file work_9.cif (mmCIF, N, CA and C atoms)
data_target
#
loop_
_atom_site.label_atom_id
_atom_site.label_comp_id
_atom_site.auth_asym_id
_atom_site.auth_seq_id
_atom_site.Cartn_x
_atom_site.Cartn_y
_atom_site.Cartn_z
N MET A 161 73.50 57.44 119.87
CA MET A 161 74.41 57.99 118.87
C MET A 161 73.85 59.33 118.40
N THR A 162 74.71 60.32 118.28
CA THR A 162 74.30 61.63 117.81
C THR A 162 74.44 61.71 116.30
N GLY A 163 73.76 62.68 115.70
CA GLY A 163 73.82 62.86 114.25
C GLY A 163 75.15 63.47 113.81
N PHE A 164 75.43 63.30 112.54
CA PHE A 164 76.64 63.84 111.94
C PHE A 164 76.43 65.33 111.67
N LEU A 165 77.30 66.17 112.16
CA LEU A 165 77.22 67.61 111.95
C LEU A 165 78.13 67.97 110.79
N THR A 166 77.54 68.55 109.74
CA THR A 166 78.34 68.90 108.57
C THR A 166 78.51 70.41 108.45
N PHE A 167 79.63 70.80 107.95
CA PHE A 167 79.92 72.20 107.68
C PHE A 167 80.11 72.43 106.18
N MET A 168 79.69 71.43 105.37
CA MET A 168 79.85 71.57 103.93
C MET A 168 79.02 72.71 103.37
N ASP A 169 77.86 73.00 103.98
CA ASP A 169 77.05 74.13 103.49
C ASP A 169 77.83 75.44 103.56
N ALA A 170 78.59 75.63 104.62
CA ALA A 170 79.40 76.85 104.74
C ALA A 170 80.47 76.89 103.66
N ALA A 171 81.10 75.75 103.38
CA ALA A 171 82.10 75.70 102.31
C ALA A 171 81.45 75.95 100.95
N LEU A 172 80.26 75.39 100.74
CA LEU A 172 79.54 75.62 99.48
C LEU A 172 79.16 77.09 99.31
N ASP A 173 78.81 77.77 100.40
CA ASP A 173 78.54 79.21 100.32
C ASP A 173 79.77 79.96 99.82
N GLU A 174 80.93 79.57 100.31
CA GLU A 174 82.18 80.20 99.87
C GLU A 174 82.46 79.89 98.39
N ALA A 175 82.15 78.67 97.96
CA ALA A 175 82.35 78.28 96.56
C ALA A 175 81.44 79.12 95.65
N ARG A 176 80.21 79.34 96.08
CA ARG A 176 79.29 80.17 95.29
C ARG A 176 79.81 81.60 95.19
N ALA A 177 80.34 82.11 96.28
CA ALA A 177 80.93 83.47 96.26
C ALA A 177 82.12 83.53 95.32
N ALA A 178 82.91 82.48 95.28
CA ALA A 178 84.04 82.44 94.35
C ALA A 178 83.54 82.50 92.91
N ALA A 179 82.53 81.73 92.59
CA ALA A 179 81.97 81.71 91.23
C ALA A 179 81.46 83.09 90.85
N LEU A 180 80.77 83.76 91.75
CA LEU A 180 80.26 85.10 91.47
C LEU A 180 81.38 86.10 91.19
N ALA A 181 82.54 85.84 91.77
CA ALA A 181 83.70 86.71 91.56
C ALA A 181 84.53 86.28 90.34
N GLY A 182 84.07 85.26 89.62
CA GLY A 182 84.79 84.79 88.44
C GLY A 182 85.92 83.82 88.74
N GLU A 183 85.96 83.33 89.97
CA GLU A 183 86.98 82.37 90.38
C GLU A 183 86.41 80.96 90.25
N VAL A 184 87.29 79.96 90.10
CA VAL A 184 86.84 78.57 90.11
C VAL A 184 86.13 78.35 91.45
N PRO A 185 84.90 77.83 91.43
CA PRO A 185 84.09 77.75 92.65
C PRO A 185 84.52 76.66 93.63
N VAL A 186 85.48 77.01 94.44
CA VAL A 186 85.93 76.13 95.52
C VAL A 186 85.90 76.96 96.80
N GLY A 187 85.32 76.38 97.84
CA GLY A 187 85.26 77.03 99.13
C GLY A 187 85.74 76.11 100.22
N ALA A 188 86.19 76.72 101.32
CA ALA A 188 86.72 75.93 102.45
C ALA A 188 86.41 76.64 103.76
N VAL A 189 86.26 75.84 104.79
CA VAL A 189 86.14 76.37 106.15
C VAL A 189 86.99 75.51 107.07
N VAL A 190 87.54 76.14 108.10
CA VAL A 190 88.25 75.43 109.15
C VAL A 190 87.37 75.48 110.39
N VAL A 191 87.20 74.32 111.00
CA VAL A 191 86.31 74.15 112.15
C VAL A 191 87.12 73.63 113.33
N ARG A 192 86.84 74.19 114.49
CA ARG A 192 87.44 73.69 115.73
C ARG A 192 86.35 73.67 116.80
N ASP A 193 86.25 72.57 117.50
CA ASP A 193 85.27 72.42 118.58
C ASP A 193 83.85 72.74 118.10
N GLY A 194 83.52 72.30 116.89
CA GLY A 194 82.18 72.47 116.37
C GLY A 194 81.82 73.88 115.94
N ARG A 195 82.83 74.73 115.74
CA ARG A 195 82.60 76.13 115.38
C ARG A 195 83.50 76.51 114.21
N VAL A 196 82.95 77.18 113.20
CA VAL A 196 83.74 77.66 112.08
C VAL A 196 84.62 78.80 112.57
N ILE A 197 85.94 78.64 112.39
CA ILE A 197 86.84 79.72 112.83
C ILE A 197 87.29 80.58 111.66
N VAL A 198 87.34 80.02 110.44
CA VAL A 198 87.65 80.83 109.25
C VAL A 198 86.92 80.26 108.05
N ARG A 199 86.69 81.14 107.08
CA ARG A 199 86.08 80.79 105.80
C ARG A 199 86.98 81.34 104.72
N ALA A 200 87.04 80.63 103.59
CA ALA A 200 87.85 81.11 102.47
C ALA A 200 87.30 80.54 101.17
N ARG A 201 87.66 81.20 100.10
CA ARG A 201 87.29 80.76 98.76
C ARG A 201 88.48 80.97 97.85
N ASN A 202 88.44 80.33 96.69
CA ASN A 202 89.50 80.55 95.71
C ASN A 202 89.59 82.04 95.40
N ARG A 203 90.82 82.56 95.34
CA ARG A 203 91.05 83.98 95.03
C ARG A 203 92.28 84.16 94.16
N MET A 204 92.58 83.15 93.35
CA MET A 204 93.81 83.19 92.55
C MET A 204 93.83 84.38 91.58
N ARG A 205 92.73 84.60 90.87
CA ARG A 205 92.67 85.72 89.93
C ARG A 205 92.70 87.06 90.67
N GLU A 206 91.86 87.15 91.68
CA GLU A 206 91.77 88.40 92.45
C GLU A 206 93.12 88.81 93.02
N LEU A 207 93.84 87.86 93.57
CA LEU A 207 95.12 88.16 94.22
C LEU A 207 96.32 87.97 93.29
N THR A 208 96.06 87.57 92.04
CA THR A 208 97.13 87.20 91.09
C THR A 208 98.18 86.34 91.78
N ASP A 209 97.67 85.25 92.38
CA ASP A 209 98.51 84.36 93.18
C ASP A 209 98.07 82.92 92.91
N PRO A 210 98.92 82.14 92.26
CA PRO A 210 98.54 80.75 91.96
C PRO A 210 98.39 79.87 93.20
N THR A 211 98.83 80.34 94.36
CA THR A 211 98.67 79.55 95.59
C THR A 211 97.43 79.97 96.38
N ALA A 212 96.63 80.88 95.87
CA ALA A 212 95.48 81.39 96.61
C ALA A 212 94.27 80.46 96.47
N HIS A 213 94.53 79.17 96.69
CA HIS A 213 93.46 78.17 96.72
C HIS A 213 92.69 78.35 98.03
N ALA A 214 91.42 77.96 98.02
CA ALA A 214 90.59 78.10 99.21
C ALA A 214 91.24 77.45 100.43
N GLU A 215 91.78 76.25 100.24
CA GLU A 215 92.39 75.53 101.36
C GLU A 215 93.58 76.28 101.92
N MET A 216 94.45 76.77 101.04
CA MET A 216 95.65 77.50 101.48
C MET A 216 95.25 78.74 102.27
N LEU A 217 94.30 79.50 101.72
CA LEU A 217 93.88 80.73 102.39
C LEU A 217 93.22 80.44 103.73
N ALA A 218 92.41 79.38 103.79
CA ALA A 218 91.76 79.01 105.04
C ALA A 218 92.78 78.59 106.09
N ILE A 219 93.75 77.80 105.70
CA ILE A 219 94.78 77.34 106.64
C ILE A 219 95.62 78.52 107.12
N ARG A 220 96.02 79.40 106.21
CA ARG A 220 96.79 80.59 106.63
C ARG A 220 96.02 81.42 107.64
N ALA A 221 94.73 81.67 107.35
CA ALA A 221 93.91 82.48 108.25
C ALA A 221 93.71 81.79 109.59
N ALA A 222 93.51 80.49 109.59
CA ALA A 222 93.33 79.75 110.84
C ALA A 222 94.60 79.79 111.68
N CYS A 223 95.74 79.64 111.05
CA CYS A 223 97.01 79.72 111.79
C CYS A 223 97.17 81.09 112.43
N ARG A 224 96.85 82.15 111.68
CA ARG A 224 96.93 83.50 112.24
C ARG A 224 95.95 83.65 113.41
N ALA A 225 94.72 83.19 113.22
CA ALA A 225 93.69 83.33 114.25
C ALA A 225 94.07 82.59 115.53
N MET A 226 94.72 81.43 115.37
CA MET A 226 95.07 80.62 116.53
C MET A 226 96.47 80.90 117.06
N GLY A 227 97.26 81.66 116.30
CA GLY A 227 98.60 82.01 116.75
C GLY A 227 99.57 80.84 116.73
N THR A 228 99.37 79.92 115.79
CA THR A 228 100.24 78.75 115.69
C THR A 228 100.26 78.23 114.27
N GLU A 229 101.32 77.54 113.92
CA GLU A 229 101.41 76.92 112.59
C GLU A 229 100.81 75.52 112.57
N ARG A 230 100.39 75.01 113.70
CA ARG A 230 99.83 73.67 113.80
C ARG A 230 98.34 73.76 114.11
N LEU A 231 97.54 73.08 113.34
CA LEU A 231 96.08 73.12 113.51
C LEU A 231 95.53 71.77 113.97
N THR A 232 96.30 71.10 114.81
CA THR A 232 95.84 69.83 115.39
C THR A 232 94.53 70.08 116.12
N GLY A 233 93.57 69.21 115.89
CA GLY A 233 92.25 69.39 116.49
C GLY A 233 91.28 70.15 115.61
N CYS A 234 91.77 70.61 114.46
CA CYS A 234 90.92 71.34 113.52
C CYS A 234 90.51 70.45 112.36
N ASP A 235 89.34 70.74 111.82
CA ASP A 235 88.83 70.05 110.65
C ASP A 235 88.82 71.02 109.48
N LEU A 236 89.12 70.54 108.30
CA LEU A 236 89.04 71.34 107.08
C LEU A 236 87.93 70.76 106.22
N TRP A 237 86.99 71.60 105.86
CA TRP A 237 85.89 71.24 104.97
C TRP A 237 86.12 71.99 103.67
N VAL A 238 86.21 71.27 102.56
CA VAL A 238 86.46 71.91 101.26
C VAL A 238 85.58 71.24 100.21
N THR A 239 85.14 72.02 99.25
CA THR A 239 84.17 71.52 98.27
C THR A 239 84.78 70.64 97.19
N LEU A 240 86.08 70.68 97.02
CA LEU A 240 86.76 69.89 95.99
C LEU A 240 87.95 69.18 96.61
N GLU A 241 88.19 67.97 96.16
CA GLU A 241 89.37 67.22 96.60
C GLU A 241 90.61 68.10 96.46
N PRO A 242 91.40 68.26 97.51
CA PRO A 242 92.58 69.11 97.43
C PRO A 242 93.61 68.61 96.41
N CYS A 243 94.29 69.59 95.79
CA CYS A 243 95.38 69.27 94.87
C CYS A 243 96.59 68.81 95.69
N PRO A 244 97.64 68.31 95.03
CA PRO A 244 98.81 67.86 95.79
C PRO A 244 99.45 68.95 96.65
N ALA A 245 99.50 70.18 96.14
CA ALA A 245 100.11 71.27 96.93
C ALA A 245 99.29 71.54 98.19
N CYS A 246 97.98 71.59 98.04
CA CYS A 246 97.12 71.82 99.21
C CYS A 246 97.21 70.65 100.19
N ALA A 247 97.27 69.43 99.67
CA ALA A 247 97.41 68.27 100.55
C ALA A 247 98.70 68.36 101.36
N GLY A 248 99.77 68.83 100.73
CA GLY A 248 101.02 69.02 101.45
C GLY A 248 100.90 70.03 102.58
N VAL A 249 100.18 71.12 102.33
CA VAL A 249 99.97 72.13 103.36
C VAL A 249 99.06 71.60 104.46
N ILE A 250 98.06 70.82 104.10
CA ILE A 250 97.18 70.18 105.10
C ILE A 250 98.02 69.32 106.05
N ALA A 251 98.95 68.57 105.47
CA ALA A 251 99.83 67.74 106.30
C ALA A 251 100.75 68.60 107.16
N ALA A 252 101.34 69.64 106.58
CA ALA A 252 102.25 70.50 107.33
C ALA A 252 101.54 71.19 108.49
N ALA A 253 100.28 71.55 108.28
CA ALA A 253 99.51 72.23 109.32
C ALA A 253 98.94 71.27 110.35
N ARG A 254 99.05 69.97 110.10
CA ARG A 254 98.56 68.94 111.02
C ARG A 254 97.03 69.01 111.21
N ILE A 255 96.32 69.28 110.13
CA ILE A 255 94.86 69.25 110.17
C ILE A 255 94.44 67.85 110.61
N SER A 256 93.51 67.76 111.53
CA SER A 256 93.11 66.45 112.06
C SER A 256 92.19 65.67 111.13
N ARG A 257 91.20 66.37 110.55
CA ARG A 257 90.24 65.70 109.67
C ARG A 257 90.00 66.56 108.43
N LEU A 258 89.99 65.91 107.27
CA LEU A 258 89.71 66.56 106.00
C LEU A 258 88.40 66.00 105.47
N TYR A 259 87.45 66.88 105.19
CA TYR A 259 86.18 66.50 104.57
C TYR A 259 86.12 67.23 103.24
N TYR A 260 85.91 66.50 102.14
CA TYR A 260 85.79 67.18 100.86
C TYR A 260 84.58 66.68 100.09
N GLY A 261 84.12 67.51 99.16
CA GLY A 261 82.94 67.22 98.36
C GLY A 261 83.26 66.42 97.12
N ALA A 262 83.46 67.12 96.02
CA ALA A 262 83.67 66.47 94.72
C ALA A 262 85.09 65.92 94.59
N SER A 263 85.20 64.78 93.95
CA SER A 263 86.52 64.23 93.60
C SER A 263 87.07 65.04 92.44
N ASP A 264 88.39 65.04 92.30
CA ASP A 264 89.04 65.77 91.21
C ASP A 264 89.97 64.84 90.46
N PRO A 265 89.43 64.11 89.46
CA PRO A 265 90.26 63.14 88.72
C PRO A 265 91.41 63.78 87.97
N LYS A 266 91.28 65.04 87.62
CA LYS A 266 92.32 65.73 86.84
C LYS A 266 93.46 66.26 87.71
N SER A 267 93.10 66.87 88.85
CA SER A 267 94.13 67.56 89.64
C SER A 267 94.14 67.18 91.12
N GLY A 268 93.36 66.20 91.52
CA GLY A 268 93.31 65.83 92.93
C GLY A 268 94.62 65.21 93.41
N GLY A 269 94.84 65.35 94.70
CA GLY A 269 96.07 64.81 95.28
C GLY A 269 95.83 63.94 96.49
N VAL A 270 94.55 63.63 96.78
CA VAL A 270 94.23 62.86 97.98
C VAL A 270 93.78 61.45 97.60
N ALA A 271 92.68 61.34 96.87
CA ALA A 271 92.19 60.03 96.43
C ALA A 271 92.57 59.75 94.99
N GLN A 272 92.97 60.79 94.28
CA GLN A 272 93.37 60.69 92.88
C GLN A 272 94.88 60.99 92.78
N GLY A 273 95.40 60.85 91.61
CA GLY A 273 96.78 61.28 91.36
C GLY A 273 97.79 60.75 92.35
N PRO A 274 98.61 61.63 92.91
CA PRO A 274 99.71 61.19 93.77
C PRO A 274 99.32 60.66 95.14
N ARG A 275 98.08 60.86 95.57
CA ARG A 275 97.63 60.38 96.87
C ARG A 275 98.64 60.71 97.97
N VAL A 276 98.81 61.98 98.17
CA VAL A 276 99.85 62.52 99.05
C VAL A 276 99.89 61.86 100.42
N PHE A 277 98.75 61.64 101.02
CA PHE A 277 98.74 61.09 102.39
C PHE A 277 99.12 59.62 102.46
N GLU A 278 99.10 58.93 101.32
CA GLU A 278 99.48 57.52 101.29
C GLU A 278 100.97 57.35 100.96
N HIS A 279 101.64 58.41 100.62
CA HIS A 279 103.05 58.34 100.25
C HIS A 279 103.89 57.99 101.48
N PRO A 280 104.92 57.15 101.31
CA PRO A 280 105.74 56.77 102.47
C PRO A 280 106.42 57.95 103.16
N GLN A 281 106.60 59.06 102.44
CA GLN A 281 107.25 60.22 103.05
C GLN A 281 106.27 61.19 103.71
N ALA A 282 105.00 60.86 103.69
CA ALA A 282 104.01 61.72 104.34
C ALA A 282 104.30 61.75 105.83
N HIS A 283 104.47 62.94 106.38
CA HIS A 283 104.80 63.06 107.80
C HIS A 283 103.57 63.26 108.67
N TRP A 284 102.40 63.45 108.05
CA TRP A 284 101.16 63.58 108.80
C TRP A 284 100.02 63.14 107.89
N THR A 285 99.09 62.42 108.42
CA THR A 285 97.94 61.98 107.64
C THR A 285 96.67 62.27 108.43
N PRO A 286 95.84 63.17 107.90
CA PRO A 286 94.57 63.42 108.57
C PRO A 286 93.59 62.29 108.30
N GLU A 287 92.53 62.22 109.08
CA GLU A 287 91.41 61.36 108.71
C GLU A 287 90.79 62.02 107.48
N VAL A 288 90.43 61.23 106.47
CA VAL A 288 89.90 61.80 105.23
C VAL A 288 88.52 61.21 104.94
N TYR A 289 87.58 62.11 104.64
CA TYR A 289 86.22 61.73 104.30
C TYR A 289 85.82 62.47 103.03
N GLY A 290 85.65 61.74 101.94
CA GLY A 290 85.29 62.35 100.67
C GLY A 290 83.84 62.12 100.31
N GLY A 291 83.37 62.89 99.35
CA GLY A 291 82.04 62.70 98.81
C GLY A 291 80.93 63.38 99.59
N ILE A 292 81.26 64.26 100.53
CA ILE A 292 80.23 64.94 101.32
C ILE A 292 79.76 66.17 100.53
N GLY A 293 78.50 66.19 100.20
CA GLY A 293 77.97 67.29 99.37
C GLY A 293 78.49 67.24 97.95
N GLU A 294 78.88 66.05 97.53
CA GLU A 294 79.54 65.88 96.23
C GLU A 294 78.69 66.36 95.06
N ALA A 295 77.41 66.02 95.04
CA ALA A 295 76.55 66.38 93.90
C ALA A 295 76.49 67.89 93.71
N GLU A 296 76.28 68.63 94.80
CA GLU A 296 76.18 70.08 94.68
C GLU A 296 77.52 70.71 94.33
N ALA A 297 78.59 70.23 94.94
CA ALA A 297 79.92 70.76 94.65
C ALA A 297 80.30 70.52 93.19
N ALA A 298 80.02 69.32 92.70
CA ALA A 298 80.33 68.98 91.30
C ALA A 298 79.48 69.81 90.35
N ALA A 299 78.21 70.03 90.68
CA ALA A 299 77.33 70.83 89.83
C ALA A 299 77.82 72.27 89.74
N LEU A 300 78.28 72.83 90.85
CA LEU A 300 78.83 74.19 90.82
C LEU A 300 80.00 74.29 89.84
N LEU A 301 80.89 73.33 89.91
CA LEU A 301 82.05 73.32 89.02
C LEU A 301 81.63 73.11 87.56
N ARG A 302 80.77 72.15 87.34
CA ARG A 302 80.30 71.85 85.98
C ARG A 302 79.62 73.07 85.34
N ASP A 303 78.74 73.72 86.09
CA ASP A 303 78.03 74.89 85.58
C ASP A 303 78.98 76.06 85.33
N PHE A 304 79.95 76.24 86.21
CA PHE A 304 80.93 77.32 86.07
C PHE A 304 81.70 77.15 84.76
N PHE A 305 82.22 75.95 84.52
CA PHE A 305 83.02 75.74 83.32
C PHE A 305 82.17 75.68 82.05
N ALA A 306 80.95 75.18 82.15
CA ALA A 306 80.05 75.15 80.98
C ALA A 306 79.75 76.56 80.50
N ALA A 307 79.60 77.48 81.41
CA ALA A 307 79.31 78.88 81.06
C ALA A 307 80.50 79.57 80.39
N ARG A 308 81.67 79.01 80.51
CA ARG A 308 82.88 79.62 79.93
C ARG A 308 83.32 78.97 78.63
N ARG A 309 82.62 77.91 78.23
CA ARG A 309 83.00 77.20 77.00
C ARG A 309 82.16 77.64 75.84
#
call {"tool": "encode", "arguments": {"input": "work_9.cif", "output": "structure tokens"}}
result
Amino acid sequence: MTGFLTFMDAALDEARAAALAGEVPVGAVVVRDGRVIVRARNRMRELTDPTAHAEMLAIRAACRAMGTERLTGCDLWVTLEPCPACAGVIAAARISRLYYGASDPKSGGVAQGPRVFEHPQAHWTPEVYGGIGEAEAAALLRDFFAARR
């Protein structure tokens, strides 16, 4: 049996970059065939766009890079449980596997809240693995918000 290869460190690097830019520290990477094809971080303030979540930006960039709207065979690594809107885009893009770090009891849409992939109308359900790098991802968020209170 081979070891588990994680790309959460790359997503955490993006989350740290988001925090340095004054954005909520969430980062994401899209991986295909064991290689990172795109990296993204939250950029909502920078772009004045409420949809500029790390996941959305990563999926958009991956679709452009691959020349298709379907990312079957791709993995999405994100530092925070995706919100319901991002979960919907993950399904629409046909992401094969979702790996996320910290749970989001307030705004999550995968294991919390509406549980988008468990809904009977979900047209695609990726394999989902939560809690990878959770301690570091949660600490980034906690420290970011503590500094603003």
call {"tool": "closest_atom_pairs", "arguments": {"input": "work_9.cif", "of": "segment 167-219 of chain A", "to": "segment 250-256 of chain A", "cutoff": "8 Å", "atoms": "all atoms listed in the file", "output": "JSON lines"}}
result
{"residue": "A:Glu215", "atom": "C", "partner": "A:Ile250", "partner_atom": "N", "distance": 7.4}
{"residue": "A:Met216", "atom": "CA", "partner": "A:Ile250", "partner_atom": "N", "distance": 7.6}
{"residue": "A:Ile219", "atom": "CA", "partner": "A:Ala253", "partner_atom": "CA", "distance": 7.5}
call {"tool": "resolve_selection", "arguments": {"input": "work_9.cif", "expression": "the PyMOL selection byres ((chain A and resi 290-292) around 8)", "output": "PyMOL selection string"}}
result
chain A and resi 168-169+238-239+241+258-263+287-289+293-297
call {"tool": "atom_distance", "arguments": {"input": "work_9.cif", "atom1": "atom CA of Leu301 of chain A", "atom2": "atom C of Val276 of chain A"}}
result
24.1 Å
call {"tool": "atom_distance", "arguments": {"input": "work_9.cif", "atom1": "atom N of Ala181 of chain A", "atom2": "atom CA of Phe167 of chain A"}}
result
21.1 Å
call {"tool": "atom_distance", "arguments": {"input": "work_9.cif", "atom1": "atom C of Thr232 of chain A", "atom2": "atom N of Val249 of chain A"}}
result
14.9 Å
call {"tool": "select_by_dssp", "arguments": {"input": "work_9.cif", "residues": "segment 173-309 of chain A", "states": "strand (DSSP E)", "output": "PyMOL selection string"}}
result
chain A and resi 187-192+195-201+234-240+257-262+287-289
